[in-house]
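Comments concern the structure below.
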Amino acid sequence: LGDETNMAATKTLLVCRQQTSCLARSALYWRVTRMLSPLITAVSIKRESSSLVKTGRGGRSSFSGNHVTVFGSTGFVGRYVVNRLGRVGTQMLLPYRGDELDTRHLKLMGDLGQIEFRRFSLKDEQSVMEMVRYSSVVVNLIGRDFNTWHNKMDAAMGEGARTVARACREAGVKQFIHVSALNASGDSPSAFLQAKAAGEAAVLEEFPDATIMRPSWIYGREDRFFNFYANLKILPFPFSGVPFLDRGLKTVKRPVCVTDVAMAIFNAVYDDATIGQIYEIAGPKEYILFDLVEYLYHVLRRPFKPYSLPSSLYKIVALAFEASPFDPYLTRDILVRQHLSDTLTAGVPGLEDLNIKPTTVEEAAIGVLRRHRDALHYNETIDELHAS
């Protein structure tokens with residue numbers, strides 16, 4: 001009985017020692033943390049270096065050395081940018097203004113603790129300042145395809161861009177990347193492109209060293225370009241088919257893949273040589289709009305039935321879609337942009353200057369459109385498609 005008692009006492013003593021050791025280590029950790037916290041805070045606020053110290057091997061569980069704020073992360077392009085940044089361990093702050101469920105798909109794009117979500121208002125300058133206060137890089141992807149009662153295109157992409165750029169300048173942000181649009185001009189017939197031009201001018205006025213990205217029409221799984229033409233099967237008679245203005249023969253497009261746009265932004269984040277530069281991000285090939293949509297229907301394995309609508313009639317159809325209580329499938333402004341040719345500016349760098357090989361429509365279209373196919377042709381590969 002005595003031996004058993006001694007053994008039990010010995011085990012209890014060992015457990016107590018382990019617990020005491022753990023408590024001591026924990027107390028020491030918190031004591032050191034409290035001692036170093038003023039130094040850490042000072043480094044964060046003064047930002048004497050362009051980034052913090054990198055840690056890890058470069059994967060999603062590492063820290064890349066940059067803290068990036070991504071405005072517009074819940075949008076089409078935003079999810080691809082966040083995913084790419086999260087792969088290398090970038091710490092991100094993702095502001096949002098809608099429902100918190102709008103951000104749930106982004107939570108898995110970074111390791112635990114790497115992504116922070118905060119609600120903000122673009123109309124509140126103090127709120128915007130809080131989003132960029134401790135960031136080394138800020139990316140602005142905020143954009144709207146149509147107006148609503150409370151959010152107008154010029155307010156979001158014009159004055160909103162100015163608000164973000166001013167906050168970045170006052171906070172001492174190292175790099176500000178602003179996504180504009182190809183063909184952005186104050187003289188454009190598109191209100192969207194006018195707002196983008198106003199936003200670009202405002203950004204350069206407030207933050208002269210901003211990096212400007214001007215993508216052409218972007219395509220991908222969540223786009224409003226390829227999916228628009230794929231969904232035209234819902235049009236009732238007599239509008240069934242593919243309507244164009246001038247049969248689409250007067251419009252030249254250079255669509256760019258969303259993964260290329262995301263990679264361009266990612267490369268700019270980690271390349272200081274891009275600071276103060278303007279890039280026009282377009283696809284590697286030019287397509288007549290008619291030929292492009294015809295190829296899309298070839299990928300879809302559907303009969304291509306084009307027809308031409310008068311501009312006035314097509315705008316009436318678009319106006320009817322604008323009356324929808326949901327996000328409109330088509331607006332008059334989207335119609336205008338669909339039939340505007342993409343024009344590159346001579347001498348302005350593009351994807352190749354960011355060390356990116358542009359993706360062609362022939363390579364990527366099947367990944368976007370396969371889900372629109374009928375079951376009979378769903379599994380056909382690109383080789384089978386081109387052989388037919």
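Residue numbering restarts at 1 for every chain of the structure tokens, chains are lettered A, B, ... in their displayed order, and ligands are numbered from 1 as they appear.
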Would you tabulate, counting only C-alpha atoms, all residues of stretch 88-142 of chain A that have an atom at most 8 Å from an atom of stretch 179-188 of chain A, showing the closest pair of atoms and their distance in Å to one decimal, sorted by chain then ascending number, as CSV?
```
residue,atom,partner,partner_atom,distance
A:Val139,CA,A:Val179,CA,7.8
A:Asn140,CA,A:Val179,CA,6.2
A:Leu141,CA,A:Val179,CA,5.7
```
Against stretch 320-341 of chain A, which residues of stretch 268-303 of chain A fall within 10 Å? For each one I want the closest pair of atoms and the distance in Å (one decimal), counting only C-alpha atoms, rows by chain and increasing residue number, as CSV.
```
residue,atom,partner,partner_atom,distance
A:Glu286,CA,A:Ser341,CA,9.8
A:Tyr287,CA,A:Ser341,CA,9.7
A:Ile288,CA,A:Ser341,CA,8.9
A:Leu289,CA,A:His339,CA,7.9
```
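Proximity ranking of A:Gln126, A:Gln277, A:Thr251, A:Thr381 relative to A:Leu204 places A:Gln277 first, based on only C-alpha atoms.
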Spatial neighbours of A:Val70, max dist 10 Å, only C-alpha atoms, sep filter under 6 positions, as a ChimeraX atom specification: /A:78-79,81-82,92-96,131-132,135,137-142,177
May I have the residues from that selection written out with all heavy atoms, as a short mmCIF file (atom, residue, chain, number, x, y, z; two decimals), in the first residue's frame?
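Full text of part31.cif as output:
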```cif
data_model
loop_
_atom_site.label_atom_id
_atom_site.label_comp_id
_atom_site.auth_asym_id
_atom_site.auth_seq_id
_atom_site.Cartn_x
_atom_site.Cartn_y
_atom_site.Cartn_z
N GLY A 78 -12.05 41.07 -57.37
CA GLY A 78 -11.53 41.07 -56.01
C GLY A 78 -11.22 39.70 -55.46
O GLY A 78 -10.19 39.48 -54.81
N ARG A 79 -12.10 38.74 -55.71
CA ARG A 79 -11.88 37.40 -55.16
C ARG A 79 -10.61 36.75 -55.74
O ARG A 79 -9.92 36.00 -55.04
CB ARG A 79 -13.10 36.52 -55.43
CG ARG A 79 -13.36 36.19 -56.90
CD ARG A 79 -14.63 35.39 -57.04
NE ARG A 79 -15.80 36.16 -56.63
CZ ARG A 79 -16.98 35.60 -56.33
NH1 ARG A 79 -17.11 34.30 -56.37
NH2 ARG A 79 -17.98 36.38 -55.98
N VAL A 81 -7.91 38.46 -56.79
CA VAL A 81 -6.77 39.17 -56.22
C VAL A 81 -6.49 38.68 -54.80
O VAL A 81 -5.35 38.40 -54.43
CB VAL A 81 -7.04 40.69 -56.24
CG1 VAL A 81 -5.92 41.43 -55.50
CG2 VAL A 81 -7.16 41.21 -57.66
N VAL A 82 -7.54 38.56 -54.00
CA VAL A 82 -7.38 38.10 -52.62
C VAL A 82 -6.82 36.68 -52.59
O VAL A 82 -5.93 36.36 -51.79
CB VAL A 82 -8.73 38.17 -51.88
CG1 VAL A 82 -8.64 37.48 -50.52
CG2 VAL A 82 -9.17 39.62 -51.71
N MET A 92 -4.10 40.69 -45.00
CA MET A 92 -5.03 41.54 -45.73
C MET A 92 -6.13 42.07 -44.83
O MET A 92 -6.61 41.38 -43.94
CB MET A 92 -5.66 40.76 -46.90
CG MET A 92 -4.73 40.49 -48.05
SD MET A 92 -5.50 39.44 -49.32
CE MET A 92 -5.26 37.82 -48.59
N LEU A 93 -6.50 43.30 -45.10
CA LEU A 93 -7.69 43.91 -44.51
C LEU A 93 -8.68 44.10 -45.65
O LEU A 93 -8.37 44.77 -46.64
CB LEU A 93 -7.35 45.25 -43.86
CG LEU A 93 -8.53 46.06 -43.33
CD1 LEU A 93 -9.29 45.28 -42.26
CD2 LEU A 93 -8.05 47.40 -42.77
N LEU A 94 -9.86 43.51 -45.52
CA LEU A 94 -10.86 43.56 -46.59
C LEU A 94 -12.09 44.33 -46.11
O LEU A 94 -12.95 43.79 -45.41
CB LEU A 94 -11.26 42.13 -47.00
CG LEU A 94 -10.09 41.20 -47.39
CD1 LEU A 94 -10.64 39.85 -47.84
CD2 LEU A 94 -9.22 41.81 -48.47
N PRO A 95 -12.19 45.61 -46.47
CA PRO A 95 -13.38 46.39 -46.10
C PRO A 95 -14.59 45.95 -46.92
O PRO A 95 -14.47 45.56 -48.08
CB PRO A 95 -12.98 47.83 -46.45
CG PRO A 95 -11.50 47.79 -46.71
CD PRO A 95 -11.20 46.42 -47.19
N TYR A 96 -15.76 46.01 -46.31
CA TYR A 96 -16.99 45.69 -47.03
C TYR A 96 -18.11 46.57 -46.49
O TYR A 96 -18.05 47.06 -45.37
CB TYR A 96 -17.35 44.21 -46.87
CG TYR A 96 -17.77 43.80 -45.47
CD1 TYR A 96 -19.12 43.72 -45.13
CD2 TYR A 96 -16.83 43.52 -44.49
CE1 TYR A 96 -19.51 43.36 -43.85
CE2 TYR A 96 -17.20 43.17 -43.21
CZ TYR A 96 -18.55 43.08 -42.89
OH TYR A 96 -18.94 42.74 -41.61
N MET A 131 -9.29 52.10 -42.56
CA MET A 131 -9.02 50.90 -43.36
C MET A 131 -7.59 50.87 -43.90
O MET A 131 -7.06 49.80 -44.20
CB MET A 131 -10.00 50.83 -44.55
CG MET A 131 -11.47 50.74 -44.19
SD MET A 131 -11.89 49.32 -43.18
CE MET A 131 -12.21 50.13 -41.61
N VAL A 132 -6.95 52.03 -44.04
CA VAL A 132 -5.62 52.09 -44.66
C VAL A 132 -4.52 52.51 -43.70
O VAL A 132 -3.35 52.57 -44.09
CB VAL A 132 -5.63 53.05 -45.88
CG1 VAL A 132 -6.71 52.66 -46.86
CG2 VAL A 132 -5.82 54.50 -45.43
N SER A 135 -1.55 49.98 -43.45
CA SER A 135 -1.27 49.18 -44.64
C SER A 135 -0.06 49.72 -45.38
O SER A 135 0.17 50.93 -45.44
CB SER A 135 -2.48 49.18 -45.58
OG SER A 135 -3.59 48.56 -44.97
N VAL A 137 0.38 48.61 -48.65
CA VAL A 137 -0.15 48.68 -50.02
C VAL A 137 -1.68 48.71 -49.96
O VAL A 137 -2.29 48.00 -49.14
CB VAL A 137 0.30 47.47 -50.88
CG1 VAL A 137 -0.23 47.59 -52.31
CG2 VAL A 137 1.82 47.36 -50.90
N VAL A 138 -2.29 49.51 -50.81
CA VAL A 138 -3.76 49.57 -50.91
C VAL A 138 -4.15 49.36 -52.36
O VAL A 138 -3.55 49.94 -53.27
CB VAL A 138 -4.30 50.93 -50.41
CG1 VAL A 138 -5.80 51.02 -50.65
CG2 VAL A 138 -3.99 51.11 -48.93
N VAL A 139 -5.12 48.49 -52.57
CA VAL A 139 -5.64 48.20 -53.91
C VAL A 139 -7.10 48.65 -53.96
O VAL A 139 -7.90 48.26 -53.11
CB VAL A 139 -5.56 46.69 -54.25
CG1 VAL A 139 -6.11 46.43 -55.65
CG2 VAL A 139 -4.12 46.21 -54.13
N ASN A 140 -7.44 49.47 -54.95
CA ASN A 140 -8.82 49.95 -55.10
C ASN A 140 -9.48 49.28 -56.30
O ASN A 140 -9.14 49.57 -57.45
CB ASN A 140 -8.85 51.47 -55.26
CG ASN A 140 -10.27 52.00 -55.36
OD1 ASN A 140 -11.20 51.42 -54.80
ND2 ASN A 140 -10.44 53.10 -56.07
N LEU A 141 -10.43 48.40 -56.01
CA LEU A 141 -11.17 47.70 -57.05
C LEU A 141 -12.65 48.10 -57.07
O LEU A 141 -13.46 47.43 -57.73
CB LEU A 141 -11.08 46.18 -56.83
CG LEU A 141 -9.71 45.53 -57.06
CD1 LEU A 141 -9.67 44.15 -56.43
CD2 LEU A 141 -9.41 45.44 -58.54
N ILE A 142 -13.00 49.16 -56.38
CA ILE A 142 -14.40 49.56 -56.28
C ILE A 142 -14.91 50.00 -57.64
O ILE A 142 -14.29 50.79 -58.35
CB ILE A 142 -14.57 50.70 -55.26
CG1 ILE A 142 -14.22 50.20 -53.85
CG2 ILE A 142 -15.99 51.25 -55.29
CD1 ILE A 142 -14.25 51.27 -52.79
N ILE A 177 -2.59 51.11 -55.66
CA ILE A 177 -2.91 50.55 -56.98
C ILE A 177 -4.38 50.79 -57.25
O ILE A 177 -5.25 50.30 -56.53
CB ILE A 177 -2.60 49.03 -57.02
CG1 ILE A 177 -1.12 48.79 -56.71
CG2 ILE A 177 -2.96 48.44 -58.38
CD1 ILE A 177 -0.75 47.32 -56.57
#
```
Taking the DSSP assignment computed from this structure's backbone, write out as an mmCIF file with C-alpha atoms, in the first residue's frame all residues of stretch 137-268 of chain A that belong to strand (DSSP E).
```
data_model
loop_
_atom_site.group_PDB
_atom_site.id
_atom_site.type_symbol
_atom_site.label_atom_id
_atom_site.label_comp_id
_atom_site.auth_asym_id
_atom_site.auth_seq_id
_atom_site.Cartn_x
_atom_site.Cartn_y
_atom_site.Cartn_z
ATOM 1 C CA VAL A 137 -0.152 48.680 -50.025
ATOM 2 C CA VAL A 138 -3.755 49.574 -50.907
ATOM 3 C CA VAL A 139 -5.644 48.205 -53.909
ATOM 4 C CA ASN A 140 -8.822 49.947 -55.095
ATOM 5 C CA GLN A 175 1.916 52.046 -52.852
ATOM 6 C CA PHE A 176 -1.621 52.676 -54.081
ATOM 7 C CA ILE A 177 -2.906 50.545 -56.975
ATOM 8 C CA HIS A 178 -6.026 51.898 -58.658
ATOM 9 C CA VAL A 179 -7.963 49.843 -61.212
ATOM 10 C CA THR A 211 -0.084 52.644 -60.032
ATOM 11 C CA ILE A 212 -2.939 52.724 -62.557
ATOM 12 C CA MET A 213 -4.316 49.558 -64.167
ATOM 13 C CA ARG A 214 -6.583 49.928 -67.212
ATOM 14 C CA PRO A 215 -8.071 46.518 -68.044
ATOM 15 C CA ILE A 218 -12.645 41.152 -68.292
ATOM 16 C CA TYR A 219 -13.978 37.638 -68.698
ATOM 17 C CA VAL A 242 -27.997 36.934 -80.540
ATOM 18 C CA PRO A 243 -28.842 40.624 -81.067
ATOM 19 C CA PHE A 244 -26.136 43.088 -82.148
ATOM 20 C CA VAL A 252 -13.093 45.267 -82.118
ATOM 21 C CA LYS A 253 -12.546 43.657 -78.719
ATOM 22 C CA VAL A 256 -8.576 39.866 -70.938
ATOM 23 C CA CYS A 257 -8.774 36.885 -68.599
#
```
